[in-house]
>>> print(open('input14.pdb').read())   # PDB, C-alpha atoms, pLDDT in the B column
ATOM      1  CA  MET A 178    -180.086 -37.866-194.073  1.00 46.00           C
ATOM      2  CA  LYS A 179    -183.114 -37.589-196.353  1.00 50.00           C
ATOM      3  CA  HIS A 180    -185.333 -38.912-193.559  1.00 46.00           C
ATOM      4  CA  ASN A 181    -183.938 -36.373-191.057  1.00 61.00           C
ATOM      5  CA  HIS A 182    -184.352 -33.551-193.587  1.00 65.00           C
ATOM      6  CA  GLN A 183    -187.978 -34.437-194.274  1.00 72.00           C
ATOM      7  CA  GLY A 184    -188.647 -34.817-190.562  1.00 84.00           C
ATOM      8  CA  HIS A 185    -187.231 -31.366-189.847  1.00 88.00           C
ATOM      9  CA  ARG A 186    -189.470 -29.792-192.467  1.00 90.00           C
ATOM     10  CA  LYS A 187    -192.501 -31.578-191.084  1.00 91.00           C
ATOM     11  CA  ARG A 188    -191.719 -30.443-187.534  1.00 93.00           C
ATOM     12  CA  LEU A 189    -191.177 -26.809-188.573  1.00 93.00           C
ATOM     13  CA  LYS A 190    -194.452 -26.735-190.520  1.00 94.00           C
ATOM     14  CA  GLU A 191    -196.348 -28.300-187.620  1.00 93.00           C
ATOM     15  CA  ARG A 192    -194.802 -25.810-185.202  1.00 93.00           C
ATOM     16  CA  PHE A 193    -196.049 -22.958-187.386  1.00 93.00           C
ATOM     17  CA  ARG A 194    -199.530 -24.458-187.624  1.00 92.00           C
ATOM     18  CA  GLN A 195    -199.692 -24.710-183.840  1.00 91.00           C
ATOM     19  CA  THR A 196    -198.246 -21.339-182.772  1.00 89.00           C
ATOM     20  CA  GLY A 197    -197.754 -19.205-185.880  1.00 91.00           C
ATOM     21  CA  PHE A 198    -194.388 -17.472-185.864  1.00 91.00           C
ATOM     22  CA  ALA A 199    -194.372 -17.072-182.069  1.00 89.00           C
ATOM     23  CA  GLY A 200    -190.943 -18.141-180.837  1.00 91.00           C
ATOM     24  CA  PHE A 201    -189.468 -18.456-184.329  1.00 94.00           C
ATOM     25  CA  GLU A 202    -186.052 -16.997-185.024  1.00 95.00           C
ATOM     26  CA  LYS A 203    -185.893 -14.705-188.047  1.00 95.00           C
ATOM     27  CA  HIS A 204    -183.884 -17.210-190.059  1.00 95.00           C
ATOM     28  CA  GLU A 205    -186.438 -19.932-189.265  1.00 95.00           C
ATOM     29  CA  MET A 206    -189.204 -17.819-190.788  1.00 96.00           C
ATOM     30  CA  LEU A 207    -187.202 -17.528-194.004  1.00 96.00           C
ATOM     31  CA  GLU A 208    -186.243 -21.185-193.862  1.00 96.00           C
ATOM     32  CA  LEU A 209    -189.912 -22.180-193.723  1.00 96.00           C
ATOM     33  CA  LEU A 210    -190.840 -19.811-196.544  1.00 96.00           C
ATOM     34  CA  LEU A 211    -188.095 -21.197-198.773  1.00 96.00           C
ATOM     35  CA  PHE A 212    -189.462 -24.733-198.375  1.00 95.00           C
ATOM     36  CA  TYR A 213    -192.025 -23.743-201.009  1.00 95.00           C
ATOM     37  CA  SER A 214    -189.511 -22.724-203.668  1.00 96.00           C
ATOM     38  CA  ILE A 215    -186.710 -25.161-202.779  1.00 94.00           C
ATOM     39  CA  PRO A 216    -188.465 -28.494-202.175  1.00 89.00           C
ATOM     40  CA  GLN A 217    -185.474 -30.849-201.941  1.00 84.00           C
ATOM     41  CA  LYS A 218    -182.616 -29.006-200.245  1.00 88.00           C
ATOM     42  CA  ASP A 219    -181.851 -27.739-196.744  1.00 89.00           C
ATOM     43  CA  THR A 220    -182.794 -24.041-196.585  1.00 94.00           C
ATOM     44  CA  ASN A 221    -181.421 -23.236-193.121  1.00 94.00           C
ATOM     45  CA  ASP A 222    -177.981 -22.106-194.275  1.00 94.00           C
ATOM     46  CA  LEU A 223    -179.490 -20.117-197.134  1.00 96.00           C
ATOM     47  CA  ALA A 224    -181.825 -18.318-194.710  1.00 96.00           C
ATOM     48  CA  HIS A 225    -178.822 -17.375-192.559  1.00 96.00           C
ATOM     49  CA  ASP A 226    -176.939 -16.191-195.662  1.00 96.00           C
ATOM     50  CA  LEU A 227    -179.826 -13.955-196.734  1.00 97.00           C
ATOM     51  CA  ILE A 228    -180.107 -12.237-193.362  1.00 96.00           C
ATOM     52  CA  GLU A 229    -176.335 -11.794-193.187  1.00 96.00           C
ATOM     53  CA  GLN A 230    -176.285 -10.349-196.706  1.00 96.00           C
ATOM     54  CA  PHE A 231    -179.164  -7.882-196.227  1.00 96.00           C
ATOM     55  CA  GLY A 232    -178.839  -7.183-192.516  1.00 95.00           C
ATOM     56  CA  SER A 233    -182.292  -8.173-191.247  1.00 94.00           C
ATOM     57  CA  LEU A 234    -185.466 -10.020-192.118  1.00 94.00           C
ATOM     58  CA  SER A 235    -187.066  -6.823-193.412  1.00 90.00           C
ATOM     59  CA  GLY A 236    -183.877  -6.124-195.352  1.00 92.00           C
ATOM     60  CA  VAL A 237    -184.321  -9.426-197.179  1.00 95.00           C
ATOM     61  CA  PHE A 238    -187.895  -8.580-198.153  1.00 93.00           C
ATOM     62  CA  ASP A 239    -186.923  -5.032-199.157  1.00 90.00           C
ATOM     63  CA  ALA A 240    -183.997  -6.193-201.306  1.00 92.00           C
ATOM     64  CA  SER A 241    -184.401  -5.876-205.043  1.00 92.00           C
ATOM     65  CA  TYR A 242    -185.148  -8.912-207.163  1.00 93.00           C
ATOM     66  CA  GLU A 243    -181.793  -8.449-208.910  1.00 95.00           C
ATOM     67  CA  ASN A 244    -179.826  -8.371-205.636  1.00 95.00           C
ATOM     68  CA  LEU A 245    -181.619 -11.440-204.325  1.00 97.00           C
ATOM     69  CA  LEU A 246    -180.537 -13.378-207.409  1.00 96.00           C
ATOM     70  CA  LYS A 247    -176.903 -12.562-206.587  1.00 96.00           C
ATOM     71  CA  VAL A 248    -177.115 -14.708-203.450  1.00 96.00           C
ATOM     72  CA  ASN A 249    -175.836 -18.217-204.101  1.00 95.00           C
ATOM     73  CA  GLY A 250    -178.774 -20.627-203.966  1.00 95.00           C
ATOM     74  CA  ILE A 251    -181.502 -18.099-204.745  1.00 96.00           C
ATOM     75  CA  SER A 252    -183.313 -18.934-207.970  1.00 96.00           C
ATOM     76  CA  ASP A 253    -185.911 -16.993-209.915  1.00 96.00           C
ATOM     77  CA  ASN A 254    -188.643 -18.865-208.026  1.00 96.00           C
ATOM     78  CA  SER A 255    -187.169 -18.047-204.627  1.00 97.00           C
ATOM     79  CA  ALA A 256    -186.557 -14.388-205.456  1.00 97.00           C
ATOM     80  CA  THR A 257    -190.106 -14.033-206.771  1.00 97.00           C
ATOM     81  CA  LEU A 258    -191.545 -15.719-203.671  1.00 97.00           C
ATOM     82  CA  ILE A 259    -189.591 -13.415-201.345  1.00 96.00           C
ATOM     83  CA  LYS A 260    -190.707 -10.302-203.236  1.00 95.00           C
ATOM     84  CA  MET A 261    -194.332 -11.462-203.059  1.00 94.00           C
ATOM     85  CA  ILE A 262    -194.442 -11.397-199.246  1.00 93.00           C
ATOM     86  CA  PRO A 263    -194.446  -7.605-198.593  1.00 89.00           C
ATOM     87  CA  GLN A 264    -196.837  -7.077-201.493  1.00 87.00           C
ATOM     88  CA  LEU A 265    -199.221  -9.711-200.105  1.00 89.00           C
ATOM     89  CA  ALA A 266    -198.978  -8.109-196.658  1.00 84.00           C
ATOM     90  CA  ASN A 267    -199.780  -4.738-198.194  1.00 77.00           C
ATOM     91  CA  ALA A 268    -202.761  -6.130-200.112  1.00 79.00           C
ATOM     92  CA  TYR A 269    -204.040  -7.909-196.994  1.00 80.00           C
ATOM     93  CA  LEU A 270    -203.849  -4.787-194.821  1.00 72.00           C
ATOM     94  CA  ASN A 271    -205.422  -2.625-197.510  1.00 69.00           C
ATOM     95  CA  ASP A 272    -208.246  -5.105-197.953  1.00 70.00           C
ATOM     96  CA  ARG A 273    -209.019  -4.938-194.221  1.00 67.00           C
ATOM     97  CA  ASN A 274    -209.041  -1.126-194.274  1.00 61.00           C
ATOM     98  CA  ASP A 275    -212.041  -0.660-196.522  1.00 65.00           C
ATOM     99  CA  PRO A 276    -213.689   2.708-197.184  1.00 65.00           C
ATOM    100  CA  GLY A 277    -216.266   3.443-194.524  1.00 79.00           C
ATOM    101  CA  MET A 278    -213.975   3.343-191.519  1.00 88.00           C
ATOM    102  CA  ILE A 279    -213.900   6.400-189.257  1.00 92.00           C
ATOM    103  CA  LEU A 280    -210.531   8.162-189.074  1.00 95.00           C
ATOM    104  CA  ASP A 281    -211.273  10.530-186.204  1.00 95.00           C
ATOM    105  CA  SER A 282    -207.864  10.460-184.513  1.00 96.00           C
ATOM    106  CA  VAL A 283    -204.211  10.828-185.425  1.00 96.00           C
ATOM    107  CA  GLU A 284    -203.624   7.270-184.221  1.00 95.00           C
ATOM    108  CA  LYS A 285    -206.255   5.796-186.536  1.00 94.00           C
ATOM    109  CA  ALA A 286    -205.114   7.805-189.548  1.00 96.00           C
ATOM    110  CA  GLY A 287    -201.471   7.004-188.843  1.00 95.00           C
ATOM    111  CA  ALA A 288    -202.145   3.273-188.489  1.00 92.00           C
ATOM    112  CA  PHE A 289    -204.150   3.310-191.713  1.00 93.00           C
ATOM    113  CA  LEU A 290    -201.328   5.002-193.616  1.00 94.00           C
ATOM    114  CA  LEU A 291    -198.653   2.744-192.118  1.00 92.00           C
ATOM    115  CA  SER A 292    -200.451  -0.191-193.741  1.00 88.00           C
ATOM    116  CA  LYS A 293    -200.239   1.541-197.120  1.00 89.00           C
ATOM    117  CA  TYR A 294    -196.445   1.676-197.017  1.00 89.00           C
ATOM    118  CA  VAL A 295    -195.659  -1.926-196.142  1.00 84.00           C
ATOM    119  CA  GLY A 296    -192.875  -2.964-198.511  1.00 80.00           C
ATOM    120  CA  ALA A 297    -192.687   0.451-200.210  1.00 82.00           C
ATOM    121  CA  THR A 298    -189.153   1.362-201.283  1.00 82.00           C
ATOM    122  CA  ASN A 299    -190.025   4.551-203.175  1.00 85.00           C
ATOM    123  CA  GLU A 300    -191.832   7.735-202.194  1.00 89.00           C
ATOM    124  CA  ARG A 301    -195.612   7.633-202.524  1.00 90.00           C
ATOM    125  CA  VAL A 302    -198.288  10.196-201.756  1.00 93.00           C
ATOM    126  CA  TYR A 303    -201.751   9.114-200.640  1.00 94.00           C
ATOM    127  CA  LEU A 304    -204.843  11.237-200.261  1.00 95.00           C
ATOM    128  CA  LEU A 305    -207.520  10.219-197.769  1.00 96.00           C
ATOM    129  CA  CYS A 306    -210.886  11.743-198.655  1.00 96.00           C
ATOM    130  CA  LEU A 307    -213.325  12.013-195.738  1.00 96.00           C
ATOM    131  CA  ASP A 308    -216.871  13.244-195.245  1.00 95.00           C
ATOM    132  CA  ASN A 309    -217.921  15.672-192.511  1.00 93.00           C
ATOM    133  CA  LYS A 310    -218.161  12.791-190.025  1.00 94.00           C
ATOM    134  CA  LEU A 311    -214.576  11.752-190.846  1.00 96.00           C
ATOM    135  CA  LYS A 312    -215.710   8.579-192.601  1.00 94.00           C
ATOM    136  CA  LEU A 313    -213.273   7.431-195.259  1.00 94.00           C
ATOM    137  CA  LEU A 314    -214.708   7.902-198.746  1.00 93.00           C
ATOM    138  CA  ASN A 315    -211.642   7.028-200.751  1.00 91.00           C
ATOM    139  CA  CYS A 316    -207.912   6.466-200.481  1.00 91.00           C
ATOM    140  CA  ALA A 317    -206.081   7.449-203.654  1.00 90.00           C
ATOM    141  CA  LEU A 318    -202.449   7.183-204.702  1.00 89.00           C
ATOM    142  CA  VAL A 319    -201.796  10.662-206.101  1.00 88.00           C
ATOM    143  CA  GLY A 320    -198.039  10.579-206.559  1.00 85.00           C
ATOM    144  CA  GLU A 321    -195.212   8.065-206.867  1.00 82.00           C
ATOM    145  CA  GLY A 322    -191.528   8.660-207.426  1.00 73.00           C
ATOM    146  CA  SER A 323    -188.042   7.458-206.551  1.00 60.00           C
ATOM    147  CA  LEU A 324    -186.619   6.474-203.158  1.00 54.00           C
ATOM    148  CA  ASN A 325    -186.184  10.131-202.137  1.00 55.00           C
ATOM    149  CA  ARG A 326    -188.305  12.229-204.481  1.00 60.00           C
ATOM    150  CA  VAL A 327    -191.859  12.404-205.760  1.00 64.00           C
ATOM    151  CA  ASN A 328    -193.350  14.983-208.093  1.00 69.00           C
ATOM    152  CA  PHE A 329    -196.943  16.108-207.739  1.00 72.00           C
ATOM    153  CA  HIS A 330    -198.862  19.370-207.440  1.00 80.00           C
ATOM    154  CA  PRO A 331    -201.392  20.361-204.759  1.00 86.00           C
ATOM    155  CA  ARG A 332    -203.835  21.034-207.614  1.00 88.00           C
ATOM    156  CA  GLN A 333    -203.965  17.276-208.337  1.00 87.00           C
ATOM    157  CA  ILE A 334    -204.958  16.640-204.732  1.00 92.00           C
ATOM    158  CA  ILE A 335    -207.695  19.262-204.770  1.00 93.00           C
ATOM    159  CA  GLN A 336    -209.106  17.838-207.999  1.00 93.00           C
ATOM    160  CA  LYS A 337    -209.245  14.360-206.480  1.00 92.00           C
ATOM    161  CA  ALA A 338    -210.892  15.684-203.305  1.00 95.00           C
ATOM    162  CA  LEU A 339    -213.565  17.416-205.399  1.00 95.00           C
ATOM    163  CA  GLN A 340    -214.205  14.232-207.379  1.00 94.00           C
ATOM    164  CA  CYS A 341    -214.850  12.386-204.103  1.00 92.00           C
ATOM    165  CA  SER A 342    -217.026  15.199-202.701  1.00 94.00           C
ATOM    166  CA  ALA A 343    -214.723  15.276-199.687  1.00 96.00           C
ATOM    167  CA  SER A 344    -215.203  17.905-197.015  1.00 96.00           C
ATOM    168  CA  THR A 345    -212.015  16.872-195.206  1.00 97.00           C
ATOM    169  CA  ILE A 346    -208.725  15.468-196.455  1.00 97.00           C
ATOM    170  CA  ILE A 347    -205.635  13.906-194.938  1.00 97.00           C
ATOM    171  CA  LEU A 348    -202.393  13.753-196.877  1.00 96.00           C
ATOM    172  CA  GLY A 349    -199.851  10.996-196.354  1.00 95.00           C
ATOM    173  CA  HIS A 350    -196.422  10.421-197.785  1.00 92.00           C
ATOM    174  CA  ASN A 351    -193.352   8.440-196.858  1.00 93.00           C
ATOM    175  CA  HIS A 352    -189.609   8.850-196.437  1.00 91.00           C
ATOM    176  CA  PRO A 353    -188.471   5.292-197.342  1.00 86.00           C
ATOM    177  CA  TYR A 354    -184.884   5.621-196.138  1.00 81.00           C
ATOM    178  CA  GLY A 355    -185.049   8.595-193.805  1.00 81.00           C
ATOM    179  CA  THR A 356    -186.845   9.787-190.704  1.00 90.00           C
ATOM    180  CA  ALA A 357    -190.476  10.811-190.471  1.00 92.00           C
ATOM    181  CA  LEU A 358    -189.545  14.418-189.720  1.00 92.00           C
ATOM    182  CA  PRO A 359    -190.913  16.895-192.305  1.00 91.00           C
ATOM    183  CA  SER A 360    -188.526  18.728-194.596  1.00 89.00           C
ATOM    184  CA  ASP A 361    -188.824  22.401-195.503  1.00 90.00           C
ATOM    185  CA  ALA A 362    -190.274  21.288-198.851  1.00 88.00           C
ATOM    186  CA  ASP A 363    -192.880  19.182-197.035  1.00 89.00           C
ATOM    187  CA  ILE A 364    -193.977  22.169-194.959  1.00 91.00           C
ATOM    188  CA  LEU A 365    -194.094  24.469-197.984  1.00 89.00           C
ATOM    189  CA  MET A 366    -196.226  22.021-199.939  1.00 89.00           C
ATOM    190  CA  THR A 367    -198.540  21.616-196.942  1.00 91.00           C
ATOM    191  CA  ARG A 368    -199.000  25.369-196.739  1.00 91.00           C
ATOM    192  CA  GLN A 369    -199.885  25.565-200.449  1.00 91.00           C
ATOM    193  CA  LEU A 370    -202.358  22.702-200.156  1.00 93.00           C
ATOM    194  CA  TYR A 371    -203.968  24.151-197.022  1.00 94.00           C
ATOM    195  CA  GLU A 372    -204.541  27.508-198.711  1.00 93.00           C
ATOM    196  CA  MET A 373    -205.956  25.967-201.899  1.00 94.00           C
ATOM    197  CA  ALA A 374    -208.278  23.671-199.934  1.00 95.00           C
ATOM    198  CA  GLN A 375    -209.511  26.490-197.708  1.00 93.00           C
ATOM    199  CA  VAL A 376    -210.706  28.496-200.723  1.00 94.00           C
ATOM    200  CA  LEU A 377    -212.934  25.558-201.708  1.00 94.00           C
ATOM    201  CA  ASP A 378    -214.186  24.972-198.139  1.00 95.00           C
ATOM    202  CA  ILE A 379    -212.198  21.744-197.807  1.00 96.00           C
ATOM    203  CA  THR A 380    -210.377  21.112-194.533  1.00 96.00           C
ATOM    204  CA  LEU A 381    -206.846  19.769-194.636  1.00 96.00           C
ATOM    205  CA  ARG A 382    -207.043  17.871-191.348  1.00 97.00           C
ATOM    206  CA  ASP A 383    -203.524  16.485-191.320  1.00 97.00           C
ATOM    207  CA  HIS A 384    -200.382  15.673-193.247  1.00 96.00           C
ATOM    208  CA  ILE A 385    -198.800  12.467-191.978  1.00 97.00           C
ATOM    209  CA  ILE A 386    -195.264  11.434-192.881  1.00 95.00           C
ATOM    210  CA  VAL A 387    -194.322   7.760-192.589  1.00 95.00           C
ATOM    211  CA  ALA A 388    -190.861   6.244-192.197  1.00 93.00           C
ATOM    212  CA  GLY A 389    -190.655   2.532-191.498  1.00 87.00           C
ATOM    213  CA  ASP A 390    -192.998   1.781-188.609  1.00 88.00           C
ATOM    214  CA  ASP A 391    -192.965   5.397-187.386  1.00 93.00           C
ATOM    215  CA  PHE A 392    -195.044   8.392-188.419  1.00 96.00           C
ATOM    216  CA  VAL A 393    -195.218  12.107-187.658  1.00 96.00           C
ATOM    217  CA  SER A 394    -198.449  14.103-187.751  1.00 96.00           C
ATOM    218  CA  LEU A 395    -198.006  17.730-188.774  1.00 96.00           C
ATOM    219  CA  ALA A 396    -201.284  18.519-187.020  1.00 94.00           C
ATOM    220  CA  GLN A 397    -200.259  16.845-183.767  1.00 93.00           C
ATOM    221  CA  SER A 398    -196.835  18.478-183.835  1.00 89.00           C
ATOM    222  CA  GLY A 399    -198.347  21.926-184.284  1.00 89.00           C
ATOM    223  CA  ILE A 400    -196.823  22.518-187.707  1.00 85.00           C
ATOM    224  CA  LEU A 401    -200.107  22.385-189.590  1.00 82.00           C
ATOM    225  CA  SER A 402    -201.719  25.007-187.362  1.00 76.00           C
ATOM    226  CA  SER A 403    -198.873  27.387-188.149  1.00 63.00           C
ATOM    227  CA  VAL A 404    -199.155  27.184-191.919  1.00 60.00           C
TER
END
>>> encode(input="input14.pdb", output="structure tokens")
Amino acid sequence: MKHNHQGHRKRLKERFRQTGFAGFEKHEMLELLLFYSIPQKDTNDLAHDLIEQFGSLSGVFDASYENLLKVNGISDNSATLIKMIPQLANAYLNDRNDPGMILDSVEKAGAFLLSKYVGATNERVYLLCLDNKLKLLNCALVGEGSLNRVNFHPRQIIQKALQCSASTIILGHNHPYGTALPSDADILMTRQLYEMAQVLDITLRDHIIVAGDDFVSLAQSGILSSV
């Protein structure tokens, strides 16, 4: 049994080295990951249990540390390893999106902001500061709150834009457990920010709302032009 178990691990690792996760089932991805926190036991059943408990692979990674520990077989090491994955993905994507890139389309700005919210389970507000050629000068986290609320004032955003000498700004925030459609409060805040920025000759180019792997551009939808 020990020989078969070790052989299975070796085959799964080699399969990943050859093809990445192409063709892997979701539970097999977790099974392979758990090899590194559970070195001696079969992790296949545990991987199935995790997905059943939290509904999906992303649900496992989004689960809280405390809830992961409630699953039989999940230790502190395993829970910590699981929680590291979305944070590592976020750091990797952010590292690739260095200042200096040109965000001259909704698609580019949306893709950039999507990378900022990988693994985020609470509301966060990001400000993208751009020059007059739409080159990214800085990306700043200007607000962070709970899963459905974040407190910040447009004045904070303007101050940050001035510090970066930005001529154009793009605002991004997320709805962690909702849709990407803007609320009345989102539109009101956008209007206030637009008016404050205009006085200082700063262009609010867009306000992009992210939900999961989807995003809505207030500029593209026509909402920004009406504020």
>>> axis_aligned_box(input="input14.pdb", around="segment 317-323 of chain A", padding_each_side="3 Å", output="JSON")
{"center_x": -197.1, "center_y": 8.9, "center_z": -205.5, "size_x": 24.0, "size_y": 9.5, "size_z": 9.8}
>>> atom_distance(input="input14.pdb", atom1="atom CA of Leu223 of chain A", atom2="atom CA of Tyr354 of chain A")
26.3 Å
>>> closest_atom_pairs(input="input14.pdb", of="segment 222-284 of chain A", to="segment 190-206 of chain A", cutoff="8 Å", atoms="all atoms listed in the file", output="CSV")
residue,atom,partner,partner_atom,distance
A:Ala224,CA,A:His204,CA,5.2
A:His225,CA,A:His204,CA,5.6
A:Ile228,CA,A:His204,CA,7.1
A:Leu234,CA,A:Lys203,CA,6.2
>>> resolve_selection(input="input14.pdb", expression="the PyMOL selection byres ((chain A and resi 315) around 9)", output="list in words")
Asp275, Pro276, Gly277, Leu304, Leu305, Cys306, Leu307, Leu313, Leu314, Cys316, Ala317, Cys341 and Ala343 of chain A
>>> write_last_selection(input="input14.pdb", atoms="C-alpha atoms", output="short mmCIF file (atom, residue, chain, number, x, y, z; two decimals), keeping the file's coordinate frame")
data_model
loop_
_atom_site.label_atom_id
_atom_site.label_comp_id
_atom_site.auth_asym_id
_atom_site.auth_seq_id
_atom_site.Cartn_x
_atom_site.Cartn_y
_atom_site.Cartn_z
CA ASP A 275 -212.04 -0.66 -196.52
CA PRO A 276 -213.69 2.71 -197.18
CA GLY A 277 -216.27 3.44 -194.52
CA LEU A 304 -204.84 11.24 -200.26
CA LEU A 305 -207.52 10.22 -197.77
CA CYS A 306 -210.89 11.74 -198.66
CA LEU A 307 -213.32 12.01 -195.74
CA LEU A 313 -213.27 7.43 -195.26
CA LEU A 314 -214.71 7.90 -198.75
CA CYS A 316 -207.91 6.47 -200.48
CA ALA A 317 -206.08 7.45 -203.65
CA CYS A 341 -214.85 12.39 -204.10
CA ALA A 343 -214.72 15.28 -199.69
#
>>> atom_distance(input="input14.pdb", atom1="atom CA of Asp390 of chain A", atom2="atom CA of Gly236 of chain A")
13.8 Å
>>> resolve_selection(input="input14.pdb", expression="the PyMOL selection byres ((chain A and resi 282) around 12)", output="JSON, numbers by chain")
{"A": [278, 279, 280, 281, 283, 284, 285, 286, 287, 288, 289, 310, 311, 312, 347, 382, 383, 385, 394, 396, 397]}
>>> resolve_selection(input="input14.pdb", expression="the PyMOL selection byres ((chain A and resi 333) around 12)", output="MDAnalysis selection string")
chainID A and resid 302:304 317:320 328:332 334:340 370 373:374
>>> atom_distance(input="input14.pdb", atom1="atom CA of Leu291 of chain A", atom2="atom CA of Thr345 of chain A")
19.7 Å
>>> residues_near_point(input="input14.pdb", point="(-194.7, 20.9, -197.1)", cutoff="12 Å", atoms="all atoms listed in the file", output="ChimeraX atom specification")
/A:329-331,348-350,358-372,383-386,395,400-401,403-404
>>> closest_residue(input="input14.pdb", among="A:Asn267, A:Asn351, A:Asn254, A:Ser344", to="Glu300 of chain A", atoms="only C-alpha atoms")
A:Asn351
>>> closest_residue(input="input14.pdb", among="A:Leu377, A:Ala388, A:Ile251, A:Leu270", to="Thr298 of chain A", atoms="all atoms listed in the file")
A:Ala388
>>> residues_around(input="input14.pdb", residues="Asn244 of chain A", least_positions_apart="3", cutoff="12 Å", atoms="all atoms listed in the file", output="ChimeraX atom specification")
/A:227,230-231,236-241,247-249,251-253,256-257,259-260
>>> closest_residue(input="input14.pdb", among="A:Gln264, A:Ser235, A:Thr220, A:Ile346", to="Gly389 of chain A", atoms="only C-alpha atoms")
A:Ser235
>>> closest_residue(input="input14.pdb", among="A:Leu245, A:Pro353, A:Leu189, A:Ser398", to="Val295 of chain A", atoms="all atoms listed in the file")
A:Pro353
